[in-house]
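A.B. asks: Sending over my_file38.cif (mmCIF, C-alpha atoms and all ligand atoms).
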```
data_coords
loop_
_atom_site.label_atom_id
_atom_site.label_comp_id
_atom_site.auth_asym_id
_atom_site.auth_seq_id
_atom_site.Cartn_x
_atom_site.Cartn_y
_atom_site.Cartn_z
CA MET A 1 2.81 -10.99 -32.20
CA GLN A 2 6.39 -10.09 -31.57
CA LYS A 3 8.04 -7.64 -33.92
CA GLU A 4 11.36 -8.99 -35.14
CA LYS A 5 13.27 -5.81 -34.49
CA GLN A 6 12.37 -5.37 -30.80
CA SER A 7 15.64 -5.45 -28.90
CA VAL A 8 17.97 -3.64 -26.57
CA LYS A 9 21.59 -4.19 -27.62
CA VAL A 10 24.35 -2.90 -25.39
CA SER A 11 27.86 -2.77 -26.86
CA GLY A 12 31.07 -1.82 -25.09
CA LEU A 13 29.17 0.39 -22.65
CA SER A 14 31.31 2.40 -20.23
CA TYR A 15 30.68 5.13 -17.70
CA SER A 16 33.30 7.05 -15.76
CA VAL A 17 33.08 9.94 -13.32
CA ASN A 18 36.11 11.94 -12.15
CA GLY A 19 38.46 9.31 -13.56
CA LYS A 20 36.65 6.47 -11.79
CA THR A 21 35.21 3.77 -14.04
CA ILE A 22 31.80 2.66 -12.79
CA VAL A 23 30.63 0.62 -15.77
CA ALA A 24 33.33 -0.95 -17.95
CA ASP A 25 32.91 -2.35 -21.44
CA ALA A 26 29.52 -4.00 -20.87
CA SER A 27 28.01 -5.88 -23.81
CA PHE A 28 24.76 -7.82 -23.65
CA GLU A 29 21.27 -7.96 -25.07
CA ILE A 30 17.84 -7.78 -23.49
CA LYS A 31 15.35 -9.81 -25.45
CA PRO A 32 11.57 -9.64 -25.65
CA ASN A 33 9.85 -12.45 -23.71
CA GLU A 34 12.58 -12.61 -21.11
CA LEU A 35 13.00 -11.64 -17.50
CA LEU A 36 16.64 -10.74 -16.94
CA GLY A 37 17.93 -10.40 -13.38
CA ILE A 38 20.81 -8.00 -12.76
CA VAL A 39 22.71 -8.99 -9.63
CA GLY A 40 25.96 -8.03 -7.97
CA PRO A 41 27.40 -6.73 -4.70
CA ASN A 42 26.73 -3.20 -3.40
CA GLY A 43 28.46 -0.64 -5.58
CA ALA A 44 28.94 -3.03 -8.53
CA GLY A 45 27.31 -0.53 -10.91
CA LYS A 46 23.81 -2.04 -11.23
CA SER A 47 21.88 1.21 -10.74
CA THR A 48 24.32 3.08 -12.95
CA LEU A 49 23.77 0.50 -15.68
CA LEU A 50 19.97 0.94 -15.51
CA ARG A 51 20.35 4.74 -15.51
CA LEU A 52 22.43 4.44 -18.68
CA LEU A 53 19.87 2.12 -20.29
CA THR A 54 17.08 4.60 -19.55
CA ARG A 55 19.10 7.65 -20.70
CA ILE A 56 19.08 9.36 -17.32
CA ILE A 57 22.85 9.52 -17.65
CA HIS A 58 24.94 9.29 -20.79
CA PRO A 59 27.70 6.77 -21.55
CA SER A 60 31.38 7.69 -21.68
CA GLY A 61 31.84 5.01 -24.34
CA GLY A 62 29.97 2.37 -26.28
CA ASN A 63 26.30 2.49 -27.17
CA ILE A 64 22.78 1.23 -26.51
CA LEU A 65 20.62 0.38 -29.51
CA LEU A 66 16.88 0.23 -28.96
CA ASP A 67 15.11 -1.42 -31.91
CA GLY A 68 18.26 -0.74 -33.93
CA LYS A 69 18.47 3.00 -33.12
CA ASP A 70 20.82 4.61 -30.58
CA VAL A 71 18.82 5.70 -27.51
CA SER A 72 20.48 9.15 -27.71
CA ARG A 73 18.67 9.76 -31.01
CA TYR A 74 15.13 9.28 -29.67
CA GLN A 75 12.76 12.13 -28.82
CA ALA A 76 11.95 11.85 -25.09
CA LYS A 77 8.29 10.88 -25.50
CA GLU A 78 9.12 8.41 -28.26
CA LEU A 79 11.76 6.80 -26.03
CA TYR A 80 9.52 6.58 -22.98
CA ARG A 81 6.74 4.98 -24.99
CA LYS A 82 9.21 2.12 -25.55
CA ILE A 83 11.04 1.91 -22.22
CA SER A 84 9.98 2.53 -18.63
CA PHE A 85 11.99 2.71 -15.43
CA LEU A 86 11.44 2.16 -11.74
CA PRO A 87 14.29 3.93 -9.91
CA GLN A 88 15.85 2.44 -6.78
CA THR A 89 14.38 5.14 -4.59
CA SER A 90 11.17 6.97 -5.39
CA TYR A 91 9.91 9.29 -2.71
CA PHE A 92 6.44 10.75 -2.75
CA ASP A 93 6.70 14.26 -1.38
CA PHE A 94 3.36 15.61 -2.57
CA PRO A 95 0.05 14.37 -1.23
CA LEU A 96 -1.31 13.37 -4.64
CA SER A 97 -3.87 10.59 -4.86
CA VAL A 98 -2.65 7.14 -5.84
CA LEU A 99 -4.59 7.48 -9.11
CA GLU A 100 -2.92 10.82 -9.92
CA VAL A 101 0.51 9.31 -9.30
CA VAL A 102 -0.14 6.30 -11.55
CA LEU A 103 -1.58 8.52 -14.28
CA THR A 104 1.75 10.39 -14.54
CA GLY A 105 2.93 7.21 -16.28
CA ARG A 106 0.72 8.18 -19.24
CA TYR A 107 2.80 11.33 -19.83
CA PRO A 108 4.58 10.00 -22.97
CA TYR A 109 1.20 9.60 -24.69
CA LEU A 110 -0.24 13.03 -23.90
CA GLY A 111 0.16 16.25 -25.84
CA ILE A 112 0.99 19.51 -24.03
CA PHE A 113 -2.02 20.58 -21.92
CA GLU A 114 -3.84 17.37 -22.81
CA SER A 115 -5.33 15.61 -19.82
CA GLU A 116 -5.80 11.91 -19.27
CA SER A 117 -8.81 10.23 -20.84
CA LYS A 118 -11.35 7.85 -19.31
CA GLU A 119 -9.39 5.03 -20.96
CA ASP A 120 -6.22 6.22 -19.21
CA ILE A 121 -8.04 6.13 -15.87
CA LYS A 122 -9.26 2.60 -16.64
CA ARG A 123 -5.68 1.56 -17.54
CA ALA A 124 -4.39 3.04 -14.27
CA GLU A 125 -7.06 1.22 -12.22
CA ASP A 126 -6.22 -2.05 -14.00
CA CYS A 127 -2.50 -1.64 -13.25
CA LEU A 128 -3.28 -0.93 -9.59
CA SER A 129 -5.23 -4.20 -9.45
CA LEU A 130 -2.27 -6.06 -10.96
CA VAL A 131 -0.10 -4.99 -8.01
CA ASP A 132 -2.84 -5.72 -5.46
CA MET A 133 -3.57 -2.02 -4.90
CA GLY A 134 -7.10 -2.00 -6.33
CA GLY A 135 -9.36 0.17 -4.17
CA PHE A 136 -6.53 2.52 -3.16
CA SER A 137 -6.87 4.99 -6.04
CA GLN A 138 -8.29 7.86 -3.95
CA ARG A 139 -5.86 7.48 -1.04
CA LYS A 140 -3.12 10.10 -0.66
CA VAL A 141 0.07 8.38 -1.70
CA THR A 142 1.93 9.92 1.27
CA THR A 143 -0.32 7.92 3.65
CA LEU A 144 0.77 4.54 2.22
CA SER A 145 3.31 2.16 3.72
CA GLY A 146 6.70 1.74 2.03
CA GLY A 147 5.66 -1.53 0.40
CA GLU A 148 2.34 -0.06 -0.80
CA GLN A 149 4.18 2.93 -2.26
CA GLN A 150 6.54 0.58 -4.05
CA ARG A 151 3.61 -1.28 -5.61
CA VAL A 152 2.08 2.05 -6.73
CA SER A 153 5.43 2.88 -8.37
CA VAL A 154 5.31 -0.44 -10.20
CA ALA A 155 1.75 0.34 -11.37
CA ARG A 156 2.98 3.70 -12.69
CA VAL A 157 5.64 1.89 -14.72
CA LEU A 158 3.14 -0.67 -16.04
CA VAL A 159 0.65 1.97 -17.17
CA GLN A 160 3.36 3.30 -19.49
CA GLU A 161 2.79 0.14 -21.60
CA THR A 162 6.36 -0.12 -22.90
CA ASP A 163 8.08 -2.98 -24.73
CA PHE A 164 10.98 -2.87 -22.26
CA ILE A 165 10.72 -2.39 -18.51
CA PHE A 166 13.69 -1.67 -16.25
CA LEU A 167 13.30 -1.95 -12.49
CA ASP A 168 15.87 -1.17 -9.80
CA GLU A 169 15.24 -3.30 -6.71
CA PRO A 170 11.45 -3.40 -7.25
CA SER A 171 10.83 -5.77 -4.34
CA SER A 172 13.08 -4.22 -1.70
CA HIS A 173 10.17 -3.08 0.53
CA LEU A 174 7.79 -5.95 -0.18
CA ASP A 175 6.74 -8.76 2.11
CA ILE A 176 7.44 -12.31 0.92
CA HIS A 177 3.94 -12.81 -0.52
CA HIS A 178 4.11 -9.59 -2.56
CA LYS A 179 7.71 -10.34 -3.60
CA PHE A 180 6.61 -13.60 -5.16
CA ALA A 181 3.47 -11.99 -6.63
CA LEU A 182 5.56 -9.23 -8.23
CA MET A 183 8.03 -11.71 -9.73
CA GLU A 184 5.13 -13.81 -11.08
CA LEU A 185 3.62 -10.66 -12.59
CA LEU A 186 6.94 -9.68 -14.22
CA LYS A 187 7.38 -13.19 -15.57
CA SER A 188 3.86 -13.25 -17.04
CA LEU A 189 4.45 -9.82 -18.67
CA ALA A 190 7.67 -11.18 -20.16
CA ARG A 191 5.80 -14.18 -21.50
CA LYS A 192 3.38 -11.77 -23.19
CA GLY A 193 6.29 -10.25 -25.10
CA ARG A 194 7.88 -7.62 -22.86
CA GLY A 195 11.61 -7.53 -22.25
CA ILE A 196 12.19 -6.97 -18.53
CA ALA A 197 15.42 -6.32 -16.62
CA ALA A 198 15.28 -6.09 -12.83
CA VAL A 199 18.06 -5.42 -10.35
CA LEU A 200 17.58 -7.91 -7.54
CA HIS A 201 19.51 -8.47 -4.34
CA ASP A 202 17.76 -11.67 -3.46
CA LEU A 203 19.62 -14.43 -5.30
CA ASP A 204 16.91 -16.92 -4.36
CA LEU A 205 14.28 -14.74 -6.06
CA ALA A 206 16.53 -14.24 -9.09
CA SER A 207 17.20 -17.97 -9.42
CA ARG A 208 13.53 -18.91 -9.09
CA PHE A 209 12.07 -16.43 -11.54
CA CYS A 210 14.64 -15.05 -13.98
CA ASP A 211 15.27 -16.58 -17.38
CA ARG A 212 18.84 -15.26 -17.32
CA VAL A 213 20.95 -13.42 -14.79
CA LEU A 214 23.67 -10.86 -15.45
CA VAL A 215 26.28 -10.70 -12.70
CA LEU A 216 28.04 -7.37 -12.37
CA GLU A 217 31.26 -7.03 -10.41
CA ASP A 218 33.24 -3.80 -10.27
CA GLY A 219 31.30 -2.47 -13.27
CA ARG A 220 32.10 -5.48 -15.45
CA VAL A 221 29.80 -8.21 -16.71
CA PHE A 222 31.24 -11.14 -14.79
CA ALA A 223 28.74 -13.74 -16.01
CA LEU A 224 25.52 -13.93 -18.01
CA GLY A 225 23.24 -16.91 -18.50
CA GLU A 226 20.66 -19.19 -16.92
CA PRO A 227 20.67 -19.01 -13.11
CA SER A 228 21.44 -22.72 -12.69
CA ARG A 229 24.58 -22.33 -14.81
CA VAL A 230 25.68 -18.93 -13.51
CA PHE A 231 25.21 -19.42 -9.75
CA SER A 232 28.00 -21.93 -9.27
CA GLU A 233 29.58 -22.48 -5.87
CA LYS A 234 32.70 -20.80 -7.20
CA LEU A 235 30.90 -17.67 -8.40
CA LEU A 236 28.80 -17.35 -5.24
CA SER A 237 31.95 -17.55 -3.18
CA SER A 238 34.12 -15.21 -5.25
CA VAL A 239 31.52 -12.53 -6.13
CA PHE A 240 29.02 -12.67 -3.27
CA LYS A 241 31.24 -14.06 -0.47
CA VAL A 242 28.67 -16.70 0.47
CA ARG A 243 28.45 -20.44 0.21
CA GLY A 244 25.70 -21.82 -1.97
CA SER A 245 24.48 -24.84 -3.82
CA TRP A 246 21.46 -26.11 -5.74
CA ASP A 247 19.04 -28.32 -3.90
CA ALA A 248 18.47 -31.26 -6.25
CA GLN A 249 15.05 -32.08 -4.81
CA SER A 250 13.42 -28.64 -4.98
CA GLY A 251 15.60 -27.22 -7.75
CA ASN A 252 16.13 -24.09 -5.63
CA LEU A 253 19.32 -22.28 -4.83
CA LEU A 254 20.38 -22.52 -1.19
CA VAL A 255 22.66 -19.80 0.10
CA PHE A 256 24.56 -19.83 3.41
CA ARG A 257 26.84 -17.45 5.23
P1 LIG B 1 24.88 -0.55 -7.22
O1 LIG B 1 25.40 -1.75 -7.93
O2 LIG B 1 24.92 -0.76 -5.74
O3 LIG B 1 23.54 -0.12 -7.71
P2 LIG B 1 25.73 2.03 -8.25
O4 LIG B 1 25.57 1.85 -9.71
O5 LIG B 1 24.72 2.88 -7.56
O6 LIG B 1 25.92 0.62 -7.53
O7 LIG B 1 27.17 2.70 -8.00
C1 LIG B 1 28.37 2.04 -8.40
C2 LIG B 1 29.56 2.78 -7.80
O8 LIG B 1 29.74 4.01 -8.48
C3 LIG B 1 29.42 3.12 -6.34
O9 LIG B 1 30.67 2.94 -5.72
C4 LIG B 1 29.00 4.57 -6.35
O10 LIG B 1 29.40 5.23 -5.18
C5 LIG B 1 29.72 5.08 -7.56
N1 LIG B 1 29.06 6.22 -8.25
C6 LIG B 1 27.87 6.17 -8.91
N2 LIG B 1 27.56 7.39 -9.43
C7 LIG B 1 28.58 8.21 -9.08
C8 LIG B 1 28.86 9.60 -9.30
N3 LIG B 1 28.02 10.38 -9.99
N4 LIG B 1 30.01 10.10 -8.78
C9 LIG B 1 30.86 9.31 -8.09
N5 LIG B 1 30.65 8.00 -7.85
C10 LIG B 1 29.54 7.46 -8.33
MG MG B 2 21.77 0.29 -6.77
#
```
Transcribe the structure of this file into structure tokens.

C.D. replies:
Amino acid sequence: MQKEKQSVKVSGLSYSVNGKTIVADASFEIKPNELLGIVGPNGAGKSTLLRLLTRIIHPSGGNILLDGKDVSRYQAKELYRKISFLPQTSYFDFPLSVLEVVLTGRYPYLGIFESESKEDIKRAEDCLSLVDMGGFSQRKVTTLSGGEQQRVSVARVLVQETDFIFLDEPSSHLDIHHKFALMELLKSLARKGRGIAAVLHDLDLASRFCDRVLVLEDGRVFALGEPSRVFSEKLLSSVFKVRGSWDAQSGNLLVFR
């Protein structure tokens, strides 16, 4: 059952560096049970927004309330038992096994010097199966392809078992089959009560799978709502510099140069 208080509420959020405003006065909510797509041109501030939400960087103004409490007031382990994050780029420099990498996602649940339990290993194996990486647990992560590494990174996020999941371009290295499979997985996790926000470049993917989309332009929330309402010809042209329309027969968004 869903707890009433589960929510991420962003109010007047801003972030500036060296006098340059990167995120400006953003206000929105991420709800449990929903898959929110964050879209926008290169440099719009999407990654910065996710880094603020996950407390990697700190706002210049405004606030983020997680279950009614400002994220700055959480102890690290307490925070990362509630939210997890897949960064835009995650390199694997060390030749750890896939299982060892995924198990690092259990860190918020372990005491100092405590090692992972058999249950943790089972959880990690289950998450690997969810991303179609079952059977890879003993492989060195450095020997995997880019797409396989990306799926391992998703498994590491899932094993954290958080109410809210933030992902920055989670499908950028995936083939079309695994792109769809990942979006279906995220949608089913949302339907089980998670609140999920994913930065996506593929507007087709966002329109097919997301419950709502947030369009960022120059650090501002330009639009927020259901894809079919948000992705108007006018918005696609002004924000994304493409032509686009909805195909009445398939219900899919068609985008052209
Ligand atoms: P994107 O929407 O492509 O993910 P980002 O959030 O990564 O965009 O960056 C938004 C803009 O802010 C970019 O122009 C980027 O160069 C700039 N930016 C981000 N972080 C910094 C920083 N620490 N110092 C200067 N500029 C930054
Ligand atoms: Mg980015």

A.B. asks: Quick one: of A:Asn63, A:Gln88, A:Thr54, A:Thr21, who's nearest to ligand MG 2 (chain B), counting all atoms listed in the file?

C.D. replies: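 Comparing A:Asn63, A:Gln88, A:Thr54, A:Thr21 against ligand MG 2 (chain B), the winner is A:Gln88.
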
A.B. asks: Show me which residues sit within 12 Å of ligand LIG 1 (chain B) when counting all atoms listed in the file, and put them as a PyMOL selection string.

C.D. replies: chain A and resi 14-24+38-52+56-58+87-89+167-169+198-201+214-221

A.B. asks: Excluding Ser228 (chain A) and residues on its chain fewer than 3 positions from it, collect all residues at most 8 Å away from it, counting all atoms listed in the file, and give them as JSON, numbers by chain.

C.D. replies: {"A": [207, 231, 232, 246]}

A.B. asks: Counting all atoms listed in the file, which residue out of A:Ser250, A:Ser72, A:Ser238, A:Ser84 sits closest to Val159 (chain A)?

C.D. replies: A:Ser84

A.B. asks: Could you tell me how far CA of Gly105 (chain A) sits from CA of Leu174 (chain A), in Å to one decimal place?

C.D. replies: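 About the pair CA of Leu174 (chain A) and CA of Gly105 (chain A): they are 21.4 Å apart.
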
A.B. asks: Could you put an axis-aligned box around every listed atom of region 107-115 of chain A, padded by 5 Å on each side, and send me its centre and edge lengths in Å to one decimal, as AutoDock Vina command-line options?

C.D. replies:
```
--center_x -0.4 --center_y 15.1 --center_z -22.8 --size_x 19.9 --size_y 21.0 --size_z 16.0
```

A.B. asks: For a test of reading the model, state the distance in Å between CA of Lys187 (chain A) and CA of Ser97 (chain A), rounded to one decimal.

C.D. replies: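 So the two atoms, CA of Lys187 (chain A) and CA of Ser97 (chain A), lie 28.4 Å apart.
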
A.B. asks: When you look at Glu226 (chain A) with a cut-off of 12 Å (counting only C-alpha atoms), what residues show up, excluding the ones that are within fewer than 3 positions of it in the same chain? I need them as a PyMOL selection string.

C.D. replies: chain A and resi 34-38+206-215+223+229-232
